>>> print(open('my_file-v9.csv').read())   # CSV, C-alpha atoms
chain,number,residue,atom,x,y,z
A,7,MET,CA,0.0,0.0,0.0
A,8,LEU,CA,1.4,3.3,-1.1
A,9,ILE,CA,1.2,6.0,1.6
A,10,LEU,CA,1.5,9.6,0.5
A,11,THR,CA,2.7,11.8,3.3
A,12,THR,CA,2.2,15.4,4.2
A,13,VAL,CA,4.8,17.8,5.5
A,14,LEU,CA,5.0,20.5,8.1
A,15,THR,CA,7.9,22.2,9.8
A,16,THR,CA,9.4,21.0,13.1
A,17,GLY,CA,7.6,21.8,16.3
A,18,ALA,CA,4.3,22.6,14.6
A,19,LEU,CA,2.6,19.5,15.9
A,20,THR,CA,1.9,18.2,19.4
A,21,LEU,CA,1.2,14.5,19.4
A,22,SER,CA,-1.6,12.9,21.3
A,23,ALA,CA,-2.4,9.4,22.5
A,24,CYS,CA,-4.5,8.9,19.4
A,25,GLY,CA,-1.7,9.7,16.9
A,26,SER,CA,1.8,8.4,16.3
A,27,ARG,CA,5.0,10.2,15.4
A,28,ASP,CA,6.5,9.0,12.1
A,29,ASP,CA,9.9,10.6,11.5
A,30,ASP,CA,10.6,8.6,8.3
A,31,ASP,CA,9.5,11.0,5.5
A,32,SER,CA,9.4,8.9,2.3
A,33,SER,CA,7.4,11.4,0.3
A,34,GLY,CA,10.4,13.5,-0.8
A,35,GLY,CA,8.7,16.5,0.8
A,36,ASP,CA,10.2,19.9,1.7
A,37,LYS,CA,12.7,19.6,4.5
A,38,THR,CA,13.9,23.1,4.4
A,39,ASN,CA,13.2,23.9,8.0
A,40,GLY,CA,14.3,20.5,9.4
A,41,SER,CA,13.1,16.9,9.3
A,42,SER,CA,9.5,16.4,8.4
A,43,LYS,CA,7.1,15.5,11.3
A,44,LYS,CA,3.6,14.2,10.9
A,45,THR,CA,0.9,12.3,12.8
A,46,THR,CA,-0.5,9.1,11.4
A,47,VAL,CA,-4.2,8.7,11.7
A,48,VAL,CA,-5.5,5.2,10.9
A,49,ILE,CA,-9.0,4.5,9.5
A,50,GLY,CA,-10.0,0.9,10.0
A,51,VAL,CA,-11.8,-1.0,7.3
A,52,ASP,CA,-13.8,-4.1,8.0
A,53,ALA,CA,-15.2,-6.1,5.2
A,54,PRO,CA,-15.2,-9.7,3.8
A,55,LEU,CA,-11.9,-9.8,2.0
A,56,SER,CA,-12.1,-13.5,1.4
A,57,GLY,CA,-14.9,-15.9,0.8
A,58,ASP,CA,-18.1,-15.7,-1.3
A,59,LEU,CA,-18.6,-12.0,-0.7
A,60,SER,CA,-15.1,-10.9,-1.3
A,61,ALA,CA,-15.9,-9.1,-4.6
A,62,LEU,CA,-17.9,-6.5,-2.6
A,63,GLY,CA,-15.4,-6.5,0.3
A,64,LEU,CA,-12.4,-5.8,-1.9
A,65,GLY,CA,-14.2,-3.0,-3.6
A,66,ILE,CA,-14.8,-1.5,-0.2
A,67,ARG,CA,-11.2,-1.8,0.9
A,68,ASN,CA,-9.8,-0.3,-2.3
A,69,SER,CA,-12.2,2.6,-2.3
A,70,ALA,CA,-11.3,3.5,1.3
A,71,ASP,CA,-7.6,3.2,0.5
A,72,LEU,CA,-8.1,5.6,-2.5
A,73,ALA,CA,-9.8,8.2,-0.3
A,74,THR,CA,-6.9,8.3,2.2
A,75,LYS,CA,-4.4,8.6,-0.6
A,76,ILE,CA,-6.2,11.4,-2.3
A,77,ALA,CA,-6.6,13.2,1.1
A,78,ASN,CA,-2.8,12.8,1.7
A,79,LYS,CA,-2.0,14.0,-1.8
A,80,LYS,CA,-4.1,17.1,-1.3
A,81,ASP,CA,-2.6,17.7,2.1
A,82,LEU,CA,-6.3,18.1,3.2
A,83,VAL,CA,-5.3,18.0,6.9
A,84,PRO,CA,-1.9,19.6,7.3
A,85,GLY,CA,0.3,17.6,9.7
A,86,VAL,CA,-1.8,14.5,9.4
A,87,GLN,CA,-1.1,11.4,7.3
A,88,PHE,CA,-4.0,9.0,6.7
A,89,LYS,CA,-3.8,5.3,6.1
A,90,ILE,CA,-6.2,2.4,6.3
A,91,GLU,CA,-6.0,-0.8,8.3
A,92,PRO,CA,-8.1,-3.4,6.6
A,93,LEU,CA,-9.3,-6.5,8.5
A,94,ASP,CA,-11.2,-9.5,6.9
A,95,ASP,CA,-14.4,-10.3,8.7
A,96,GLN,CA,-15.3,-13.2,6.3
A,97,ALA,CA,-18.9,-12.1,6.6
A,98,GLN,CA,-19.0,-13.6,10.1
A,99,PRO,CA,-20.4,-11.7,13.1
A,100,SER,CA,-18.0,-13.4,15.5
A,101,ILE,CA,-15.0,-12.3,13.5
A,102,GLY,CA,-16.4,-8.8,13.0
A,103,GLN,CA,-16.6,-8.5,16.8
A,104,GLN,CA,-12.9,-9.6,17.1
A,105,ASN,CA,-12.0,-7.1,14.5
A,106,ALA,CA,-13.8,-4.4,16.4
A,107,THR,CA,-11.8,-5.2,19.5
A,108,LYS,CA,-8.6,-4.9,17.5
A,109,PHE,CA,-9.6,-1.5,16.1
A,110,ILE,CA,-10.5,-0.2,19.6
A,111,GLY,CA,-7.2,-1.3,21.0
A,112,ASP,CA,-5.2,0.7,18.4
A,113,LYS,CA,-5.3,4.3,19.6
A,114,LYS,CA,-4.3,5.5,16.1
A,115,VAL,CA,-7.6,4.4,14.8
A,116,LEU,CA,-10.0,7.3,14.8
A,117,GLY,CA,-12.8,5.8,12.7
A,118,VAL,CA,-13.9,2.5,11.1
A,119,VAL,CA,-15.5,2.0,7.7
A,120,GLY,CA,-17.7,-1.0,7.3
A,121,PRO,CA,-18.8,-3.7,7.5
A,122,LEU,CA,-20.7,-5.0,4.5
A,123,ASN,CA,-23.2,-7.2,6.3
A,124,SER,CA,-25.8,-5.9,8.7
A,125,ASN,CA,-25.6,-8.9,11.0
A,126,VAL,CA,-21.8,-8.4,11.3
A,127,SER,CA,-22.5,-4.8,12.2
A,128,GLN,CA,-24.8,-5.9,15.0
A,129,SER,CA,-21.8,-7.6,16.6
A,130,MET,CA,-19.7,-4.5,16.3
A,131,GLN,CA,-21.9,-1.6,17.2
A,132,LYS,CA,-21.9,-1.9,21.0
A,133,PRO,CA,-18.1,-2.3,21.4
A,134,PHE,CA,-17.6,0.7,19.2
A,135,ASN,CA,-20.2,2.7,21.0
A,136,ASP,CA,-18.7,1.8,24.4
A,137,ALA,CA,-15.3,2.9,23.1
A,138,GLY,CA,-16.6,6.1,21.5
A,139,LEU,CA,-15.1,5.1,18.2
A,140,THR,CA,-16.9,6.3,15.0
A,141,GLN,CA,-18.2,3.6,12.7
A,142,ILE,CA,-19.6,4.3,9.2
A,143,SER,CA,-20.9,1.7,6.8
A,144,PRO,CA,-21.3,2.1,3.1
A,145,ALA,CA,-23.5,-1.0,2.9
A,146,ASN,CA,-25.5,-1.8,6.0
A,147,THR,CA,-29.2,-1.3,5.3
A,148,GLY,CA,-30.9,-2.9,8.3
A,149,THR,CA,-33.2,-0.1,9.5
A,150,GLU,CA,-33.0,-1.1,13.2
A,151,LEU,CA,-29.2,-0.4,13.2
A,152,THR,CA,-29.9,3.3,13.3
A,153,GLN,CA,-33.6,3.6,14.4
A,154,GLY,CA,-33.9,0.8,17.0
A,155,ASP,CA,-36.0,-2.4,17.0
A,156,ALA,CA,-39.3,-0.6,17.5
A,157,TRP,CA,-38.9,1.6,14.4
A,158,LYS,CA,-41.8,-0.2,12.6
A,159,SER,CA,-44.3,1.1,15.3
A,160,GLY,CA,-43.0,4.6,14.8
A,161,ASP,CA,-40.9,4.5,18.0
A,162,LYS,CA,-37.6,5.5,16.4
A,163,LYS,CA,-34.7,5.7,18.8
A,164,ARG,CA,-31.0,5.8,17.9
A,165,PRO,CA,-29.4,2.9,19.7
A,166,PHE,CA,-25.7,3.8,19.1
A,167,LYS,CA,-24.4,7.3,18.7
A,168,THR,CA,-21.2,6.1,17.0
A,169,PHE,CA,-22.9,4.4,14.0
A,170,PHE,CA,-23.4,6.2,10.7
A,171,ARG,CA,-24.0,5.0,7.1
A,172,THR,CA,-23.9,6.3,3.5
A,173,ALA,CA,-26.4,3.5,2.4
A,174,THR,CA,-30.0,4.1,2.9
A,175,THR,CA,-32.2,1.7,4.9
A,176,ASP,CA,-34.1,-1.5,4.0
A,177,GLN,CA,-37.3,0.4,4.7
A,178,VAL,CA,-36.5,2.6,1.7
A,179,GLN,CA,-34.9,0.0,-0.5
A,180,GLY,CA,-37.5,-2.8,-0.1
A,181,SER,CA,-40.3,-0.3,-0.6
A,182,PHE,CA,-38.7,1.1,-3.8
A,183,ALA,CA,-38.2,-2.4,-5.2
A,184,ALA,CA,-41.9,-3.2,-4.6
A,185,ASN,CA,-43.0,0.0,-6.2
A,186,TYR,CA,-40.8,-0.6,-9.2
A,187,LEU,CA,-42.0,-4.2,-9.7
A,188,TYR,CA,-45.7,-3.4,-9.3
A,189,GLU,CA,-45.9,0.0,-11.0
A,190,THR,CA,-43.1,-0.1,-13.6
A,191,ALA,CA,-42.6,-3.8,-14.4
A,192,LYS,CA,-46.4,-4.4,-14.0
A,193,ILE,CA,-45.8,-7.6,-12.1
A,194,LYS,CA,-48.7,-8.3,-9.6
A,195,SER,CA,-47.7,-11.6,-8.0
A,196,VAL,CA,-44.5,-12.6,-6.2
A,197,TYR,CA,-43.0,-15.6,-4.5
A,198,LEU,CA,-41.0,-14.2,-1.5
A,199,ILE,CA,-37.8,-15.9,-0.4
A,200,ASP,CA,-35.2,-14.7,2.1
A,201,ASP,CA,-32.0,-16.1,3.6
A,202,GLN,CA,-33.0,-15.5,7.3
A,203,LYS,CA,-30.1,-13.1,7.9
A,204,THR,CA,-30.6,-9.6,9.2
A,205,TYR,CA,-30.2,-7.9,5.8
A,206,GLY,CA,-32.2,-10.4,3.7
A,207,ALA,CA,-35.1,-10.8,6.2
A,208,GLY,CA,-35.4,-7.1,6.7
A,209,LEU,CA,-35.4,-6.4,3.0
A,210,ALA,CA,-38.0,-9.0,2.2
A,211,ALA,CA,-40.3,-7.7,5.0
A,212,SER,CA,-40.1,-4.2,3.7
A,213,PHE,CA,-40.8,-5.4,0.2
A,214,LYS,CA,-43.8,-7.4,1.3
A,215,GLU,CA,-45.4,-4.5,3.2
A,216,THR,CA,-45.3,-2.1,0.3
A,217,PHE,CA,-46.1,-4.7,-2.4
A,218,THR,CA,-49.3,-5.8,-0.6
A,219,LYS,CA,-50.4,-2.2,0.1
A,220,LEU,CA,-50.1,-1.5,-3.6
A,221,GLY,CA,-52.4,-4.4,-4.4
A,222,GLY,CA,-49.8,-7.1,-5.2
A,223,LYS,CA,-50.2,-10.7,-4.1
A,224,ILE,CA,-47.6,-12.7,-2.2
A,225,VAL,CA,-48.4,-16.2,-3.6
A,226,GLY,CA,-45.9,-18.0,-1.4
A,227,ALA,CA,-43.0,-17.5,0.9
A,228,ASP,CA,-39.9,-19.5,1.9
A,229,HIS,CA,-36.6,-19.2,3.8
A,230,ILE,CA,-33.4,-20.8,2.5
A,231,ASN,CA,-29.9,-21.5,4.0
A,232,PRO,CA,-27.5,-19.0,2.3
A,233,ASP,CA,-24.8,-21.6,2.3
A,234,ASP,CA,-26.9,-24.0,0.2
A,235,ARG,CA,-26.5,-24.3,-3.5
A,236,ASP,CA,-29.3,-26.7,-4.4
A,237,PHE,CA,-32.6,-24.9,-4.5
A,238,ASN,CA,-34.6,-27.3,-6.6
A,239,ALA,CA,-37.1,-27.9,-3.8
A,240,VAL,CA,-38.1,-24.3,-3.5
A,241,VAL,CA,-38.0,-23.8,-7.3
A,242,ALA,CA,-40.7,-26.5,-7.6
A,243,LYS,CA,-42.8,-24.6,-5.1
A,244,VAL,CA,-42.4,-21.4,-7.0
A,245,LYS,CA,-43.5,-23.1,-10.3
A,246,ARG,CA,-46.6,-24.5,-8.7
A,247,LYS,CA,-47.7,-21.1,-7.5
A,248,ASN,CA,-47.4,-19.4,-11.0
A,249,ALA,CA,-45.7,-16.3,-9.6
A,250,GLY,CA,-44.9,-13.4,-11.8
A,251,ALA,CA,-41.5,-13.0,-10.2
A,252,VAL,CA,-39.4,-14.1,-7.3
A,253,TYR,CA,-38.2,-11.5,-4.8
A,254,TYR,CA,-35.1,-12.6,-2.9
A,255,GLY,CA,-33.8,-11.0,0.3
A,256,GLY,CA,-30.2,-12.0,0.4
A,257,GLU,CA,-26.9,-11.9,-1.4
A,258,TYR,CA,-25.5,-13.0,-4.7
A,259,PRO,CA,-23.7,-16.3,-3.8
A,260,ALA,CA,-27.1,-17.9,-3.2
A,261,ALA,CA,-29.2,-15.7,-5.5
A,262,GLY,CA,-27.2,-16.6,-8.6
A,263,PRO,CA,-27.7,-20.4,-8.4
A,264,LEU,CA,-31.3,-19.9,-7.2
A,265,SER,CA,-32.1,-17.9,-10.4
A,266,GLN,CA,-30.2,-20.3,-12.6
A,267,GLN,CA,-32.1,-23.3,-11.2
A,268,LEU,CA,-35.3,-21.4,-11.6
A,269,LYS,CA,-34.6,-20.8,-15.3
A,270,ASP,CA,-33.3,-24.4,-15.8
A,271,SER,CA,-36.7,-25.7,-14.6
A,272,GLY,CA,-38.4,-24.0,-17.5
A,273,SER,CA,-39.6,-20.9,-15.7
A,274,LYS,CA,-39.1,-17.6,-17.4
A,275,ILE,CA,-39.9,-15.3,-14.5
A,276,PRO,CA,-37.3,-12.8,-13.2
A,277,LEU,CA,-35.6,-12.9,-9.8
A,278,MET,CA,-35.4,-9.6,-8.1
A,279,GLY,CA,-33.2,-8.7,-5.1
A,280,GLY,CA,-31.5,-5.8,-3.4
A,281,ASP,CA,-28.0,-4.4,-3.5
A,282,GLY,CA,-26.8,-7.7,-2.1
A,283,ILE,CA,-27.2,-9.2,-5.5
A,284,TYR,CA,-26.1,-6.1,-7.5
A,285,SER,CA,-22.7,-7.5,-8.4
A,286,ALA,CA,-21.0,-8.7,-11.5
A,287,ASP,CA,-20.5,-12.0,-9.6
A,288,PHE,CA,-24.3,-12.6,-9.7
A,289,ILE,CA,-24.1,-12.7,-13.4
A,290,LYS,CA,-21.0,-14.9,-13.4
A,291,LEU,CA,-22.8,-17.4,-11.2
A,292,ASN,CA,-26.0,-17.3,-13.3
A,293,LYS,CA,-25.8,-18.1,-17.0
A,294,LYS,CA,-29.5,-17.3,-17.4
A,295,ALA,CA,-29.5,-14.0,-15.6
A,296,GLN,CA,-31.0,-12.1,-18.5
A,297,GLY,CA,-34.0,-10.1,-17.3
A,298,ASP,CA,-33.3,-10.4,-13.6
A,299,LEU,CA,-33.6,-7.3,-11.5
A,300,ALA,CA,-31.9,-5.6,-8.6
A,301,THR,CA,-32.0,-2.3,-6.7
A,302,SER,CA,-29.1,-0.5,-5.3
A,303,VAL,CA,-28.6,2.6,-3.2
A,304,GLY,CA,-27.7,5.9,-5.0
A,305,ALA,CA,-27.5,6.5,-8.7
A,306,PRO,CA,-25.1,4.7,-11.0
A,307,VAL,CA,-21.7,6.3,-10.3
A,308,GLU,CA,-20.9,6.0,-14.0
A,309,GLN,CA,-23.7,8.5,-14.7
A,310,LEU,CA,-22.8,11.0,-12.1
A,311,ASP,CA,-20.7,14.0,-12.9
A,312,SER,CA,-19.7,14.0,-9.2
A,313,ALA,CA,-18.1,10.5,-9.6
A,314,LYS,CA,-16.0,11.2,-12.7
A,315,GLN,CA,-12.9,12.0,-10.7
A,316,PHE,CA,-13.4,9.0,-8.4
A,317,ILE,CA,-13.6,6.6,-11.4
A,318,SER,CA,-10.5,8.2,-13.0
A,319,ASP,CA,-8.5,8.0,-9.8
A,320,TYR,CA,-9.6,4.4,-9.1
A,321,LYS,CA,-8.4,3.3,-12.6
A,322,GLN,CA,-5.1,5.2,-12.1
A,323,GLY,CA,-4.7,3.6,-8.7
A,324,GLY,CA,-4.1,0.3,-10.3
A,325,TYR,CA,-6.5,-1.7,-8.2
A,326,LYS,CA,-7.1,-5.2,-9.8
A,327,ASP,CA,-10.6,-5.5,-8.2
A,328,ASP,CA,-13.6,-3.5,-9.4
A,329,TYR,CA,-15.0,-0.9,-7.0
A,330,GLU,CA,-18.4,-2.8,-7.2
A,331,ALA,CA,-21.7,-1.6,-5.8
A,332,TYR,CA,-20.3,0.2,-2.7
A,333,GLY,CA,-17.2,2.0,-4.2
A,334,GLY,CA,-18.7,5.4,-4.3
A,335,GLY,CA,-20.4,5.1,-0.9
A,336,THR,CA,-17.2,3.8,0.6
A,337,TYR,CA,-15.2,6.7,-0.7
A,338,ASP,CA,-17.8,9.1,0.8
A,339,ALA,CA,-17.8,7.2,4.1
A,340,THR,CA,-14.1,7.3,4.4
A,341,TRP,CA,-14.0,11.0,3.4
A,342,SER,CA,-16.6,11.7,6.1
A,343,ILE,CA,-14.2,10.5,8.7
A,344,ILE,CA,-11.4,12.5,7.1
A,345,GLU,CA,-13.6,15.6,7.2
A,346,ALA,CA,-14.3,15.0,10.8
A,347,VAL,CA,-10.6,14.7,11.6
A,348,LYS,CA,-10.0,17.9,9.7
A,349,LYS,CA,-12.6,19.7,11.9
A,350,ALA,CA,-11.2,18.3,15.1
A,351,VAL,CA,-7.7,19.5,14.1
A,352,GLU,CA,-8.9,22.9,13.0
A,353,ASP,CA,-10.9,23.4,16.2
A,354,ASN,CA,-7.7,22.6,18.2
A,355,ASP,CA,-5.4,25.2,16.7
A,356,GLY,CA,-4.1,22.9,14.0
A,357,LYS,CA,-3.2,20.0,16.3
A,358,LEU,CA,-4.8,16.6,16.8
A,359,PRO,CA,-6.6,16.9,20.2
A,360,GLY,CA,-5.8,14.5,23.0
A,361,ASP,CA,-9.4,13.2,23.0
A,362,ALA,CA,-9.4,12.8,19.2
A,363,ARG,CA,-11.9,10.0,19.1
A,364,ALA,CA,-14.5,12.0,21.0
A,365,LYS,CA,-13.9,15.1,18.9
A,366,VAL,CA,-14.1,13.1,15.6
A,367,LEU,CA,-17.4,11.6,16.8
A,368,ASP,CA,-18.7,15.1,17.7
A,369,ALA,CA,-17.7,16.4,14.2
A,370,MET,CA,-19.4,13.6,12.3
A,371,SER,CA,-22.9,14.9,12.9
A,372,THR,CA,-21.9,18.2,11.3
A,373,VAL,CA,-20.1,16.7,8.3
A,374,LYS,CA,-21.5,18.0,5.0
A,375,PHE,CA,-19.8,18.0,1.6
A,376,SER,CA,-20.3,17.2,-2.1
A,377,GLY,CA,-19.1,13.6,-2.5
A,378,VAL,CA,-18.9,10.9,-5.2
A,379,THR,CA,-22.5,9.9,-4.7
A,380,GLY,CA,-23.8,13.5,-4.4
A,381,ASP,CA,-24.4,15.7,-1.3
A,382,VAL,CA,-23.3,13.9,1.8
A,383,SER,CA,-24.7,14.6,5.3
A,384,TYR,CA,-26.4,12.6,8.1
A,385,ASP,CA,-29.6,13.0,10.0
A,386,GLU,CA,-30.3,12.6,13.7
A,387,PHE,CA,-30.2,8.8,13.5
A,388,GLY,CA,-26.8,8.8,11.6
A,389,ASP,CA,-28.6,7.8,8.4
A,390,THR,CA,-27.6,9.4,5.1
A,391,THR,CA,-29.9,12.1,3.9
A,392,ASN,CA,-29.5,10.9,0.3
A,393,THR,CA,-32.3,8.4,-0.5
A,394,MET,CA,-31.6,8.1,-4.2
A,395,MET,CA,-32.4,4.6,-5.4
A,396,THR,CA,-31.8,2.8,-8.7
A,397,ALA,CA,-33.4,-0.2,-10.3
A,398,TYR,CA,-31.2,-2.4,-12.6
A,399,GLU,CA,-31.9,-5.2,-15.1
A,400,VAL,CA,-29.5,-7.7,-16.4
A,401,ASP,CA,-29.3,-7.2,-20.2
A,402,GLY,CA,-26.5,-8.6,-22.4
A,403,GLY,CA,-24.5,-9.9,-19.5
A,404,LYS,CA,-24.3,-6.7,-17.5
A,405,TRP,CA,-26.4,-4.7,-15.1
A,406,VAL,CA,-28.2,-1.9,-16.9
A,407,PRO,CA,-29.8,1.0,-14.9
A,408,LYS,CA,-33.6,1.3,-15.7
A,409,LYS,CA,-34.8,3.9,-13.2
A,410,SER,CA,-33.3,6.3,-10.6
A,411,GLU,CA,-35.2,8.5,-8.2
A,412,VAL,CA,-35.1,10.1,-4.8
A,413,TYR,CA,-37.5,7.7,-3.0
A,414,LYS,CA,-39.5,8.3,0.1
A,415,PRO,CA,-41.6,5.3,1.4
>>> encode(input="my_file-v9.csv", output="structure tokens")
Amino acid sequence: MLILTTVLTTGALTLSACGSRDDDDSSGGDKTNGSSKKTTVVIGVDAPLSGDLSALGLGIRNSADLATKIANKKDLVPGVQFKIEPLDDQAQPSIGQQNATKFIGDKKVLGVVGPLNSNVSQSMQKPFNDAGLTQISPANTGTELTQGDAWKSGDKKRPFKTFFRTATTDQVQGSFAANYLYETAKIKSVYLIDDQKTYGAGLAASFKETFTKLGGKIVGADHINPDDRDFNAVVAKVKRKNAGAVYYGGEYPAAGPLSQQLKDSGSKIPLMGGDGIYSADFIKLNKKAQGDLATSVGAPVEQLDSAKQFISDYKQGGYKDDYEAYGGGTYDATWSIIEAVKKAVEDNDGKLPGDARAKVLDAMSTVKFSGVTGDVSYDEFGDTTNTMMTAYEVDGGKWVPKKSEVYKP
């Protein structure tokens, strides 16, 4: 990992317990007034870097890495050098919790980006909250993560002050998917399947609520094990019910084979899912993905003027993995922490404060900037204020955007 360093003159920086002195200036910076001194601030990154979901996880890691490199190149926070510390959670809550402990124990870590999975996040939120360490996810969509378990009844309470996200909630995404399927695709009957995980179950529940309110019919429902790859039993049930589509709450490792087996059975109905299936790997796993549908948060970055520089920088960065569905949101999440560090430093006469974690957390609620995905800011729950959603359809072996809108359930 290439680390670009920033430079300032000797004596201009007082170190704190949350920063480390690095006297080795490898940047070739100006040393006119003596040796370069800087404080290293670490941004943790938690994602599945191996296993079935690694395509999304590696895109998250790389996009966070790019944000720190650009911030260093711009000398965005004079005297501070940013770098990431990526840890692999393997999409497992128990490993995510272990990673949270590691991040908390490293006093140089002033914020953590991730994870990908909502159930992994549930194992990390309380430790981070207890430690006062900011966490921001580009991918977690479980509504309860920010609004509490009673949000469905209208009793919204933020359970953890340290948790933020650049992805909108399942409440928004599931409802948008139902609206698109019923109103735009004109499909009135659905067989509902989920993988019983926090993300998948929440998404399916939100979809069902809106779809039935619109007049749609849920002709059958099932749960699957996300580790299974033989779905012929549930496929047979779907065929018997003559559904117009399958809505799947879950991720692409199971969704791809499920769709393939559905088509192999002779059924021509589409499978639709959320951002968990919006990946090139879904199409790689499914030779008959043509016509399948997915929703994802935000607008396609390739169509955003605000994302042109990110796309260019990512290509120039030489990353061998695609930025995938969460690249733009990850960059904005990482940049949010960087902006919070910047405010903490500026409010402390240009020096990193001794209680840097607390000051960064305080600053997060005021963060506001124009990012890769558009305007970035957070509401009283830590949720993104950007509720732009996009529906995609597989056409010609790739995901093609069909409709984007700012959506309010």
>>> residues_around(input="my_file-v9.csv", residues="Thr147 of chain A", least_positions_apart="2", cutoff="7 Å", atoms="all atoms listed in the file", output="mmCIF file with C-alpha atoms, in the coordinates of the input")
data_model
loop_
_atom_site.group_PDB
_atom_site.id
_atom_site.type_symbol
_atom_site.label_atom_id
_atom_site.label_comp_id
_atom_site.auth_asym_id
_atom_site.auth_seq_id
_atom_site.Cartn_x
_atom_site.Cartn_y
_atom_site.Cartn_z
ATOM 1 C CA SER A 124 -25.800 -5.900 8.700
ATOM 2 C CA ALA A 145 -23.500 -1.000 2.900
ATOM 3 C CA THR A 149 -33.200 -0.100 9.500
ATOM 4 C CA ALA A 173 -26.400 3.500 2.400
ATOM 5 C CA THR A 174 -30.000 4.100 2.900
ATOM 6 C CA THR A 175 -32.200 1.700 4.900
ATOM 7 C CA ASP A 176 -34.100 -1.500 4.000
ATOM 8 C CA TYR A 205 -30.200 -7.900 5.800
#
>>> atom_distance(input="my_file-v9.csv", atom1="atom CA of Trp341 of chain A", atom2="atom CA of Val119 of chain A")
10.1 Å
>>> residues_around(input="my_file-v9.csv", residues="Lys349 of chain A", least_positions_apart="4", cutoff="7 Å", atoms="only C-alpha atoms", output="list in words")
Glu345, Asp353 and Ala369 of chain A
>>> residues_around(input="my_file-v9.csv", residues="segment 330-332 of chain A", least_positions_apart="4", cutoff="6 Å", atoms="all atoms listed in the file", output="list of chain:residue names")
A:Leu62, A:Gly65, A:Thr336
>>> closest_residue(input="my_file-v9.csv", among="A:Pro259, A:Pro415, A:Leu116, A:Val47", to="Leu220 of chain A", atoms="all atoms listed in the file")
A:Pro415
>>> residues_around(input="my_file-v9.csv", residues="Asp233 of chain A", least_positions_apart="3", cutoff="10 Å", atoms="only C-alpha atoms", output="short mmCIF file (atom, residue, chain, number, x, y, z; two decimals) with C-alpha atoms, in the frame of the given file")
data_model
loop_
_atom_site.label_atom_id
_atom_site.label_comp_id
_atom_site.auth_asym_id
_atom_site.auth_seq_id
_atom_site.Cartn_x
_atom_site.Cartn_y
_atom_site.Cartn_z
CA ASP A 58 -18.10 -15.70 -1.30
CA ASP A 201 -32.00 -16.10 3.60
CA ILE A 230 -33.40 -20.80 2.50
CA ASP A 236 -29.30 -26.70 -4.40
CA PRO A 259 -23.70 -16.30 -3.80
CA ALA A 260 -27.10 -17.90 -3.20
#
>>> closest_residue(input="my_file-v9.csv", among="A:Pro263, A:Pro232, A:Gly63, A:Gly297", to="Asp94 of chain A", atoms="all atoms listed in the file")
A:Gly63
